[in-house]
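Data block for target-v2.cif (mmCIF, C-alpha atoms and all ligand atoms):
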data_query
#
loop_
_atom_site.label_atom_id
_atom_site.label_comp_id
_atom_site.auth_asym_id
_atom_site.auth_seq_id
_atom_site.Cartn_x
_atom_site.Cartn_y
_atom_site.Cartn_z
CA MET Y 1 57.64 4.63 4.81
CA GLU Y 2 59.86 7.65 4.25
CA THR Y 3 60.14 10.31 6.90
CA SER Y 4 60.93 13.94 6.27
CA VAL Y 5 64.10 15.16 7.98
CA GLU Y 6 63.93 18.92 8.38
CA GLU Y 7 66.98 21.17 8.27
CA HIS Y 8 67.86 22.69 11.64
CA LEU Y 9 69.93 25.75 12.54
CA THR Y 10 71.98 26.44 15.64
CA THR Y 11 71.38 29.60 17.68
CA ARG Y 12 74.76 30.86 16.45
CA GLN Y 13 73.79 30.43 12.81
CA VAL Y 14 70.55 32.33 13.40
CA ALA Y 15 72.40 35.06 15.31
CA GLU Y 16 74.86 35.44 12.40
CA ALA Y 17 72.09 35.54 9.83
CA LEU Y 18 70.22 38.26 11.75
CA SER Y 19 73.37 40.03 12.91
CA VAL Y 20 72.25 39.95 16.54
CA SER Y 21 73.84 38.43 19.62
CA GLU Y 22 73.47 34.73 20.26
CA SER Y 23 72.02 35.51 23.70
CA SER Y 24 69.17 37.45 22.02
CA VAL Y 25 68.40 34.42 19.92
CA LYS Y 26 68.49 32.14 22.97
CA ARG Y 27 66.13 34.51 24.78
CA TRP Y 28 63.68 34.44 21.85
CA CYS Y 29 63.92 30.65 21.87
CA ASN Y 30 63.15 30.53 25.60
CA GLN Y 31 60.22 32.92 25.16
CA GLY Y 32 58.85 30.70 22.38
CA VAL Y 33 59.14 33.51 19.81
CA ILE Y 34 61.40 31.28 17.73
CA PRO Y 35 60.17 27.68 17.49
CA THR Y 36 62.87 25.53 19.04
CA VAL Y 37 63.63 21.87 19.59
CA ARG Y 38 66.31 20.39 21.83
CA THR Y 39 69.00 17.88 20.89
CA VAL Y 40 69.55 14.83 23.04
CA GLY Y 41 72.34 16.81 24.71
CA GLY Y 42 69.92 19.67 25.50
CA HIS Y 43 71.13 22.15 22.86
CA ARG Y 44 68.64 24.43 21.13
CA ARG Y 45 67.99 23.78 17.43
CA ILE Y 46 65.76 25.92 15.23
CA PRO Y 47 63.87 24.26 12.36
CA LEU Y 48 64.31 26.26 9.11
CA SER Y 49 60.55 26.49 8.67
CA GLY Y 50 60.25 27.85 12.23
CA PHE Y 51 62.93 30.42 11.45
CA MET Y 52 60.98 31.56 8.37
CA HIS Y 53 57.83 31.77 10.46
CA PHE Y 54 59.71 33.95 12.96
CA LEU Y 55 60.95 36.26 10.16
CA ASN Y 56 57.41 36.69 8.90
CA GLN Y 57 55.85 37.24 12.30
CA THR Y 58 58.42 39.82 13.38
CA ASN Y 59 58.87 41.45 9.97
CA ARG Y 60 62.61 40.81 10.18
CA GLN Y 61 64.97 40.14 7.35
CA ILE Y 62 68.24 38.29 7.36
CA VAL Y 63 71.37 40.39 7.03
CA VAL Y 64 73.96 37.74 6.22
CA PRO Y 65 72.94 35.05 3.68
CA LEU Y 66 71.74 32.00 5.51
CA GLY Y 67 73.83 29.76 3.27
CA SER Y 68 77.07 31.20 4.57
CA SER Y 69 76.28 30.10 8.08
CA THR Y 70 74.73 26.72 7.30
CA ARG Y 71 77.53 25.81 4.88
CA HIS Y 72 80.00 25.22 7.65
CA GLY Y 73 77.56 23.56 9.97
CA HIS Y 74 77.10 19.84 10.19
CA SER Y 75 73.32 19.94 10.12
CA VAL Y 76 72.99 19.74 6.33
CA SER Y 77 71.72 16.26 5.73
CA GLU Y 78 73.16 14.04 3.07
CA ARG Y 79 69.92 13.63 1.18
CA SER Y 80 70.46 14.03 -2.54
CA LEU Y 81 69.05 17.03 -4.37
CA GLU Y 82 67.13 14.66 -6.63
CA ASP Y 83 65.44 13.21 -3.61
CA LEU Y 84 64.66 16.69 -2.41
CA LYS Y 85 63.09 17.54 -5.78
CA ARG Y 86 60.95 14.44 -5.65
CA ARG Y 87 59.75 15.41 -2.20
CA PHE Y 88 58.96 18.91 -3.39
CA THR Y 89 56.93 17.59 -6.33
CA ASP Y 90 54.99 15.23 -4.07
CA ALA Y 91 54.38 18.02 -1.56
CA LEU Y 92 53.15 20.39 -4.28
CA VAL Y 93 50.76 17.79 -5.63
CA ALA Y 94 49.53 17.07 -2.10
CA GLY Y 95 49.22 20.80 -1.31
CA ASP Y 96 51.49 20.30 1.70
CA GLU Y 97 52.74 23.85 2.22
CA ARG Y 98 54.98 23.07 5.13
CA ALA Y 99 56.83 20.31 3.29
CA CYS Y 100 57.19 22.61 0.25
CA ARG Y 101 58.66 25.35 2.41
CA GLU Y 102 61.10 22.94 4.02
CA ALA Y 103 62.24 21.58 0.65
CA VAL Y 104 62.74 25.05 -0.87
CA VAL Y 105 64.67 26.32 2.13
CA GLU Y 106 66.80 23.19 2.26
CA PHE Y 107 67.67 23.43 -1.43
CA TYR Y 108 68.67 27.06 -0.95
CA ALA Y 109 70.69 26.31 2.16
CA ARG Y 110 72.63 23.74 0.17
CA THR Y 111 73.13 25.57 -3.11
CA GLU Y 112 73.16 29.18 -1.89
CA SER Y 113 71.73 30.37 -5.20
CA PHE Y 114 68.15 31.45 -5.62
CA ALA Y 115 68.55 31.58 -9.42
CA LEU Y 116 69.60 27.92 -9.42
CA LEU Y 117 66.70 27.09 -7.13
CA ALA Y 118 64.34 28.85 -9.55
CA ASP Y 119 65.57 26.96 -12.64
CA GLU Y 120 66.54 23.57 -11.36
CA PHE Y 121 64.11 23.11 -8.54
CA ILE Y 122 60.96 25.15 -9.03
CA ALA Y 123 60.74 25.39 -12.85
CA GLU Y 124 61.72 21.74 -13.35
CA THR Y 125 59.14 20.63 -10.81
CA PHE Y 126 56.40 22.63 -12.52
CA HIS Y 127 57.37 21.20 -15.89
CA GLN Y 128 56.97 17.78 -14.35
CA LEU Y 129 53.63 18.81 -12.88
CA GLY Y 130 52.54 19.99 -16.34
CA ASP Y 131 53.46 16.58 -17.80
CA GLN Y 132 51.57 14.79 -15.04
CA TRP Y 133 48.52 16.96 -15.72
CA ASP Y 134 48.88 16.31 -19.46
CA CYS Y 135 48.92 12.56 -18.84
CA GLY Y 136 45.89 12.81 -16.56
CA ASP Y 137 47.94 11.67 -13.55
CA ILE Y 138 46.93 14.66 -11.47
CA GLU Y 139 43.78 16.72 -11.25
CA VAL Y 140 43.63 20.32 -12.46
CA TYR Y 141 42.93 21.46 -8.91
CA GLN Y 142 46.18 19.85 -7.74
CA GLU Y 143 48.17 21.84 -10.28
CA ARG Y 144 46.42 25.10 -9.39
CA ARG Y 145 46.73 24.48 -5.67
CA GLY Y 146 50.43 23.72 -6.22
CA CYS Y 147 50.79 27.18 -7.81
CA GLU Y 148 49.09 28.83 -4.85
CA VAL Y 149 51.26 26.98 -2.35
CA CYS Y 150 54.43 27.78 -4.29
CA SER Y 151 53.47 31.45 -4.50
CA ARG Y 152 53.02 31.67 -0.75
CA VAL Y 153 56.31 29.91 -0.08
CA LEU Y 154 58.12 32.28 -2.46
CA HIS Y 155 56.52 35.24 -0.79
CA GLU Y 156 57.85 34.10 2.57
CA PHE Y 157 61.20 33.22 1.04
CA ARG Y 158 61.83 36.88 0.31
CA ARG Y 159 62.79 37.30 3.95
CA LEU Y 160 65.62 34.81 3.60
CA LEU Y 161 67.40 37.01 1.07
CA PRO Y 162 69.66 39.70 2.48
CA GLU Y 163 68.20 43.19 2.66
CA VAL Y 164 68.95 45.45 -0.31
CA PRO Y 165 70.25 48.99 0.31
CA ASP Y 166 67.79 51.82 -0.38
CA ASN Y 167 70.11 53.31 -2.98
CA ALA Y 168 70.37 50.09 -5.01
CA PRO Y 169 69.09 50.35 -8.60
CA LEU Y 170 65.44 49.49 -9.16
CA ALA Y 171 64.14 46.74 -11.44
CA MET Y 172 60.48 46.05 -12.07
CA GLY Y 173 58.46 43.73 -14.21
CA GLY Y 174 55.41 41.58 -14.78
CA THR Y 175 53.47 39.68 -17.42
CA PRO Y 176 51.39 41.20 -20.24
CA GLU Y 177 47.61 41.15 -20.55
CA GLY Y 178 46.22 37.66 -21.13
CA ASP Y 179 49.22 35.99 -19.48
CA TYR Y 180 48.08 34.59 -16.14
CA TYR Y 181 51.37 32.96 -15.19
CA SER Y 182 52.43 34.34 -11.82
CA ILE Y 183 55.38 32.18 -10.79
CA PRO Y 184 57.99 33.19 -13.42
CA THR Y 185 57.61 36.91 -12.66
CA GLN Y 186 57.66 36.20 -8.93
CA LEU Y 187 60.91 34.28 -9.45
CA ALA Y 188 62.38 37.12 -11.52
CA GLU Y 189 61.74 39.52 -8.66
CA LEU Y 190 63.61 37.36 -6.17
CA VAL Y 191 66.44 36.67 -8.62
CA VAL Y 192 67.21 40.35 -9.23
CA ARG Y 193 66.83 41.00 -5.55
CA GLU Y 194 69.42 38.32 -4.86
CA CYS Y 195 71.71 40.29 -7.19
CA SER Y 196 71.34 43.36 -4.91
CA TRP Y 197 68.74 45.20 -6.94
CA ARG Y 198 65.62 46.67 -5.44
CA ALA Y 199 62.90 44.69 -7.15
CA MET Y 200 59.22 45.32 -7.74
CA ASN Y 201 57.02 42.61 -9.19
CA LEU Y 202 53.97 44.31 -10.68
CA GLY Y 203 52.11 41.02 -11.08
CA SER Y 204 50.50 39.26 -14.02
CA ASN Y 205 47.90 39.98 -16.73
CA LEU Y 206 48.87 43.64 -17.05
CA PRO Y 207 48.03 45.85 -20.04
CA LEU Y 208 51.35 47.18 -21.35
CA SER Y 209 49.99 50.72 -20.86
CA THR Y 210 49.85 50.21 -17.10
CA ILE Y 211 53.40 48.84 -17.08
CA ALA Y 212 54.41 52.03 -18.90
CA ALA Y 213 52.64 54.05 -16.19
CA ALA Y 214 54.61 52.20 -13.49
CA VAL Y 215 57.85 52.90 -15.38
CA ALA Y 216 57.00 56.60 -15.61
CA GLU Y 217 56.25 56.79 -11.92
CA HIS Y 218 59.11 54.72 -10.49
CA GLN Y 219 61.81 55.19 -13.16
CA PRO Y 220 63.47 51.78 -12.87
CA ARG Y 221 66.84 51.07 -14.43
CA MET Y 222 65.69 47.69 -15.65
CA LEU Y 223 62.35 46.26 -16.72
CA TRP Y 224 61.67 42.55 -17.10
CA LEU Y 225 58.78 41.21 -19.08
CA SER Y 226 57.81 37.59 -18.55
CA VAL Y 227 55.75 36.20 -21.41
CA SER Y 228 54.53 32.64 -20.95
CA HIS Y 229 51.33 32.85 -22.99
CA LEU Y 230 50.20 35.00 -25.90
CA LYS Y 231 46.70 34.65 -27.26
CA ASP Y 232 47.55 36.66 -30.35
CA PRO Y 233 51.29 37.11 -31.01
CA VAL Y 234 50.70 39.50 -33.96
CA ASP Y 235 48.60 41.75 -31.77
CA PHE Y 236 51.26 41.56 -29.04
CA VAL Y 237 53.99 42.73 -31.45
CA GLU Y 238 51.84 45.76 -32.32
CA GLN Y 239 51.13 46.58 -28.70
CA TYR Y 240 54.73 46.06 -27.70
CA ARG Y 241 55.96 48.46 -30.40
CA ALA Y 242 53.63 51.17 -29.12
CA PHE Y 243 54.69 50.43 -25.54
CA ARG Y 244 58.40 50.54 -26.39
CA ALA Y 245 57.92 53.97 -27.93
CA THR Y 246 56.39 55.35 -24.72
CA ILE Y 247 59.06 54.17 -22.26
CA PRO Y 248 62.53 55.78 -22.01
CA GLN Y 249 64.71 54.54 -24.86
CA ASP Y 250 67.68 53.96 -22.55
CA LEU Y 251 65.67 51.75 -20.16
CA THR Y 252 67.12 48.22 -20.08
CA VAL Y 253 64.40 45.79 -21.10
CA VAL Y 254 64.92 42.08 -20.43
CA LEU Y 255 62.55 39.57 -21.96
CA GLY Y 256 61.93 35.98 -20.96
CA GLY Y 257 59.29 33.29 -21.03
CA ARG Y 258 58.21 30.36 -23.18
CA ALA Y 259 55.93 32.41 -25.47
CA LEU Y 260 58.75 34.59 -26.81
CA THR Y 261 59.85 32.19 -29.49
CA ASP Y 262 62.84 32.52 -31.82
CA ARG Y 263 60.42 33.58 -34.56
CA LEU Y 264 58.76 36.28 -32.49
CA ARG Y 265 61.74 37.92 -30.81
CA PRO Y 266 63.35 39.44 -33.92
CA LYS Y 267 60.19 41.53 -34.28
CA LEU Y 268 60.69 43.12 -30.85
CA LYS Y 269 63.11 45.77 -29.67
CA TYR Y 270 64.75 44.91 -26.35
CA THR Y 271 68.08 44.96 -24.55
CA GLY Y 272 68.42 41.32 -23.57
CA HIS Y 273 66.65 37.97 -23.67
CA CYS Y 274 67.18 35.25 -21.08
CA ASP Y 275 66.22 31.59 -21.31
CA ASN Y 276 66.26 31.15 -17.58
CA MET Y 277 66.74 32.80 -14.21
CA GLN Y 278 70.46 32.04 -13.98
CA GLN Y 279 70.98 34.07 -17.15
CA LEU Y 280 68.90 36.86 -15.65
CA ALA Y 281 71.10 36.77 -12.56
CA SER Y 282 74.25 37.08 -14.73
CA PHE Y 283 72.68 39.93 -16.67
CA ALA Y 284 71.57 41.79 -13.54
CA THR Y 285 74.94 41.31 -11.86
CA ALA Y 286 76.90 42.45 -14.92
CA MET Y 287 74.72 45.50 -15.29
CA HIS Y 288 74.80 46.59 -11.68
CA GLY Y 289 78.60 46.11 -11.56
CA ARG Y 290 79.24 48.01 -14.78
CA ARG Y 291 77.14 50.98 -13.71
CA HIS Y 292 78.89 51.05 -10.39
CA SER Y 293 82.34 51.31 -11.95
CA ILE Y 294 81.12 54.07 -14.32
CA ASP Y 295 79.91 56.05 -11.29
CA VAL Y 296 83.28 55.60 -9.56
CA SER Y 297 85.33 56.70 -12.59
CA ASN Y 298 83.17 59.83 -12.95
CA ASN Y 299 84.03 60.99 -9.46
C1 LIG P 1 50.71 26.27 -13.72
C2 LIG P 1 50.36 26.29 -15.18
C3 LIG P 1 49.28 27.07 -15.57
C4 LIG P 1 48.52 27.98 -14.61
C5 LIG P 1 49.42 29.13 -14.08
C6 LIG P 1 48.88 29.62 -12.74
C7 LIG P 1 49.77 30.63 -12.13
N1 LIG P 1 49.25 31.21 -11.07
O1 LIG P 1 50.89 30.90 -12.53
C8 LIG P 1 47.33 28.48 -15.47
C9 LIG P 1 46.06 27.87 -14.93
C10 LIG P 1 47.16 29.98 -15.59
C11 LIG P 1 47.65 27.89 -16.84
C12 LIG P 1 46.87 28.17 -17.92
C13 LIG P 1 47.11 27.72 -19.20
N2 LIG P 1 48.01 26.82 -19.57
CO1 LIG P 1 49.42 26.24 -18.37
N3 LIG P 1 50.73 25.46 -17.36
C14 LIG P 1 51.12 25.56 -16.11
C15 LIG P 1 52.38 24.70 -15.81
C16 LIG P 1 51.98 23.42 -15.13
C17 LIG P 1 53.44 25.40 -14.97
C18 LIG P 1 53.82 26.81 -15.45
C19 LIG P 1 54.87 27.41 -14.57
O2 LIG P 1 54.61 28.28 -13.74
N4 LIG P 1 56.12 26.91 -14.68
C20 LIG P 1 57.24 27.35 -13.86
C21 LIG P 1 58.05 28.39 -14.59
C22 LIG P 1 59.01 29.05 -13.62
O3 LIG P 1 58.78 27.73 -15.60
P1 LIG P 1 58.90 28.34 -17.06
O4 LIG P 1 57.62 28.94 -17.46
O5 LIG P 1 59.50 27.30 -17.92
O6 LIG P 1 59.93 29.55 -16.85
C23 LIG P 1 61.33 29.40 -16.98
C24 LIG P 1 61.86 30.01 -18.27
O7 LIG P 1 60.89 30.08 -19.28
C25 LIG P 1 62.35 31.34 -17.86
N5 LIG P 1 61.46 32.48 -17.78
C26 LIG P 1 60.13 32.56 -17.72
N6 LIG P 1 59.70 33.81 -17.61
C27 LIG P 1 60.80 34.58 -17.58
C28 LIG P 1 60.94 35.95 -17.47
C29 LIG P 1 62.21 36.50 -17.46
C30 LIG P 1 62.38 37.99 -17.33
C31 LIG P 1 63.35 35.67 -17.57
C32 LIG P 1 64.68 36.24 -17.56
C33 LIG P 1 63.19 34.28 -17.68
C34 LIG P 1 61.93 33.74 -17.69
O8 LIG P 1 62.84 31.11 -16.54
C35 LIG P 1 61.97 30.22 -15.86
C36 LIG P 1 62.75 29.40 -14.87
O9 LIG P 1 63.71 28.61 -15.47
C37 LIG P 1 52.91 24.49 -17.26
C38 LIG P 1 53.82 23.28 -17.43
C39 LIG P 1 55.22 23.71 -17.85
N7 LIG P 1 55.87 22.90 -18.62
O10 LIG P 1 55.70 24.76 -17.48
C40 LIG P 1 51.62 24.48 -18.07
C41 LIG P 1 51.66 24.83 -19.55
C42 LIG P 1 52.66 25.94 -19.81
N8 LIG P 1 50.28 25.33 -19.83
C43 LIG P 1 49.84 25.01 -20.96
C44 LIG P 1 48.59 25.43 -21.48
C45 LIG P 1 48.17 24.80 -22.81
C46 LIG P 1 47.81 26.37 -20.83
C47 LIG P 1 46.51 27.04 -21.35
C48 LIG P 1 46.61 27.53 -22.80
C49 LIG P 1 45.40 26.00 -21.12
C50 LIG P 1 44.06 26.45 -21.68
N9 LIG P 1 43.68 25.78 -22.75
O11 LIG P 1 43.46 27.34 -21.16
C51 LIG P 1 46.30 28.21 -20.36
C52 LIG P 1 46.81 29.58 -20.84
C53 LIG P 1 46.73 30.59 -19.70
C54 LIG P 1 47.00 32.02 -19.98
N10 LIG P 1 46.14 32.71 -20.69
O12 LIG P 1 47.97 32.56 -19.46
C55 LIG P 1 50.82 24.14 -21.73
C56 LIG P 1 51.53 24.92 -22.85
C57 LIG P 1 51.71 24.06 -24.08
C58 LIG P 1 52.42 24.80 -25.18
N11 LIG P 1 53.05 24.05 -26.02
O13 LIG P 1 52.43 25.99 -25.27
C59 LIG P 1 51.78 23.63 -20.58
C60 LIG P 1 53.23 23.36 -21.03
C61 LIG P 1 51.15 22.36 -19.98
C62 LIG P 1 51.23 21.17 -20.89
N12 LIG P 1 52.04 20.19 -20.58
O14 LIG P 1 50.55 21.10 -21.89
N13 LIG P 1 48.69 27.11 -16.82
#
So that I can check it, write out the structure of this file as structure tokens.
Ligand code: B12
Amino acid sequence: METSVEEHLTTRQVAEALSVSESSVKRWCNQGVIPTVRTVGGHRRIPLSGFMHFLNQTNRQIVVPLGSSTRHGHSVSERSLEDLKRRFTDALVAGDERACREAVVEFYARTESFALLADEFIAETFHQLGDQWDCGDIEVYQERRGCEVCSRVLHEFRRLLPEVPDNAPLAMGGTPEGDYYSIPTQLAELVVRECSWRAMNLGSNLPLSTIAAAVAEHQPRMLWLSVSHLKDPVDFVEQYRAFRATIPQDLTVVLGGRALTDRLRPKLKYTGHCDNMQQLASFATAMHGRRHSIDVSNN
């Protein structure tokens, strides 16, 4: 039987990530505020899942990316990423939230890229889940429950990404009416956030008119639209044209999602299309950087 080996952090790594003193971390460990285990030698070790729990309970956010502190540690186990993926798939099918959380955090700690995690860990696993459902290997409820579990884990994961300054540019997005897929737009939010944007996921199944209202109110610099399902593509093209005419013409619009096929996209006006989250990360980074240098040269 296989046993799950959870990633553990030292008190120093946690202190670095939170930008607090190591003695504060040790005190929280002693008070039981941060779940702690002891090594054979008596040293405190903090399970990654316990650290996430602490972040959620205390509404704290990490200041320095966790990856930069775990990278140099010796706690990263030698388990292969493929093995990790397999564990994640099994945990999603079983609805084991804790194991899912551990796998996601471990993948991130090793790769230090949320965009990579989104494409090569989460999306690939869901594609596999879709195939298993298609073959009748898993029940519908297992797929749906897997989505719920993943959503909750991603929600918590937000706290592992470094805080974004208040003056960072804003990006927002969601899925159009009739598209119930929630995970891709949730991933997009975290991806642009990882690229130092303020990010606002509006959710799924949204009439384009309400997305336009959100744009008018919050005036983002970038809007993403995730389109995984279209009941009537012709109707969507019509609605999108009307929508595009109501939002500022200089607003950067990024499209993504399986339903925006090569045949459909030429009929739409947009700034960029991305096949995956790593492309979105490149786009967001390039855009943020370019705008920054324009601001500097204007001064
Ligand atoms: C979970 C799921 C659902 C759930 C979603 C629940 C939820 N809360 O999100 C629900 C129950 C809604 C659902 C319903 C349906 N589903 Co479904 N579903 C899936 C499943 C298993 C996973 C989808 C998912 O979240 N994947 C994870 C995401 C992250 O991966 P991704 O979509 O590939 O996204 C990547 C890129 O496309 C891109 N991307 C996506 N969006 C964006 C946005 C931006 C801005 C950018 C930059 C990039 C980007 O980056 C992502 C990461 O790499 C897929 C299987 C699969 N192969 O994906 C089937 C699947 C997509 N579903 C399918 C079907 C048929 C349906 C239904 C039509 C079934 C029905 N008859 O009712 C309905 C349609 C629902 C609707 N109206 O929206 C088929 C589609 C077949 C086809 N050829 O089109 C699939 C492939 C299953 C299968 N094997 O047959 N489904």
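From CA of Tyr180 (chain Y) back to CA of Ala242 (chain Y), the distance works out to 21.8 Å.
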For this session: Tell me which of Y:Cys274, Y:Ala245, Y:Met200, Y:Ala286 sits closest to ligand LIG 1 (chain P), counting only C-alpha atoms and all ligand atoms.
Result: Y:Cys274
For this session: Considering only C-alpha atoms, state which residue in the set Y:Ala216, Y:Ala199, Y:Gly146, Y:Tyr240 is at the smallest distance from Glu177 (chain Y).
Result: Y:Tyr240
Problem set entry | Contacts to ligand LIG 1 (chain P) at 8 Å cut-off (all atoms listed in the file) as a ChimeraX atom specification | /Y:118-120,122-134,143-144,146-148,151,173,178-185,187-188,205,224-231,254-259,273-280
Just the residues within 9 Å of Phe88 (chain Y), please, counting all atoms listed in the file, with nothing from its chain fewer than 4 positions along; format it as a tab-separated table (two decimals) with C-alpha atoms, in the coordinates of the input.
chain	number	residue	atom	x	y	z
Y	83	ASP	CA	65.44	13.21	-3.61
Y	84	LEU	CA	64.66	16.69	-2.41
Y	92	LEU	CA	53.15	20.39	-4.28
Y	93	VAL	CA	50.76	17.79	-5.63
Y	99	ALA	CA	56.83	20.31	3.29
Y	100	CYS	CA	57.19	22.61	0.25
Y	101	ARG	CA	58.66	25.35	2.41
Y	102	GLU	CA	61.10	22.94	4.02
Y	103	ALA	CA	62.24	21.58	0.65
Y	104	VAL	CA	62.74	25.05	-0.87
Y	121	PHE	CA	64.11	23.11	-8.54
Y	122	ILE	CA	60.96	25.15	-9.03
Y	125	THR	CA	59.14	20.63	-10.81
Problem set entry | For region 46-58 of chain Y: contacts at 8 Å, only C-alpha atoms, fewer than 4 positions along chain excluded, given as number ranges by chain | Y: 6-11, 33-37, 98, 101-102, 105-106, 156-157, 159-160
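Pairwise distance (CA of Ala212 (chain Y), CA of Thr175 (chain Y)) equals 12.5 Å.
Taking CA of Gln249 (chain Y) and CA of Gln219 (chain Y) as the two end points, the separation is 12.1 Å.
Taking only C-alpha atoms, the non-local environment of Val253 (chain Y) within 6 Å (same-chain residues fewer than 4 positions away omitted) comprises Met222, Leu223, Trp224, Tyr270 and Thr271 of chain Y.
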For this session: Would you please work out which residue, of Y:Pro162, Y:Pro220, Y:Pro233, Y:Pro266, is nearest to Asp250 (chain Y) when using all atoms listed in the file?
Result: Y:Pro220
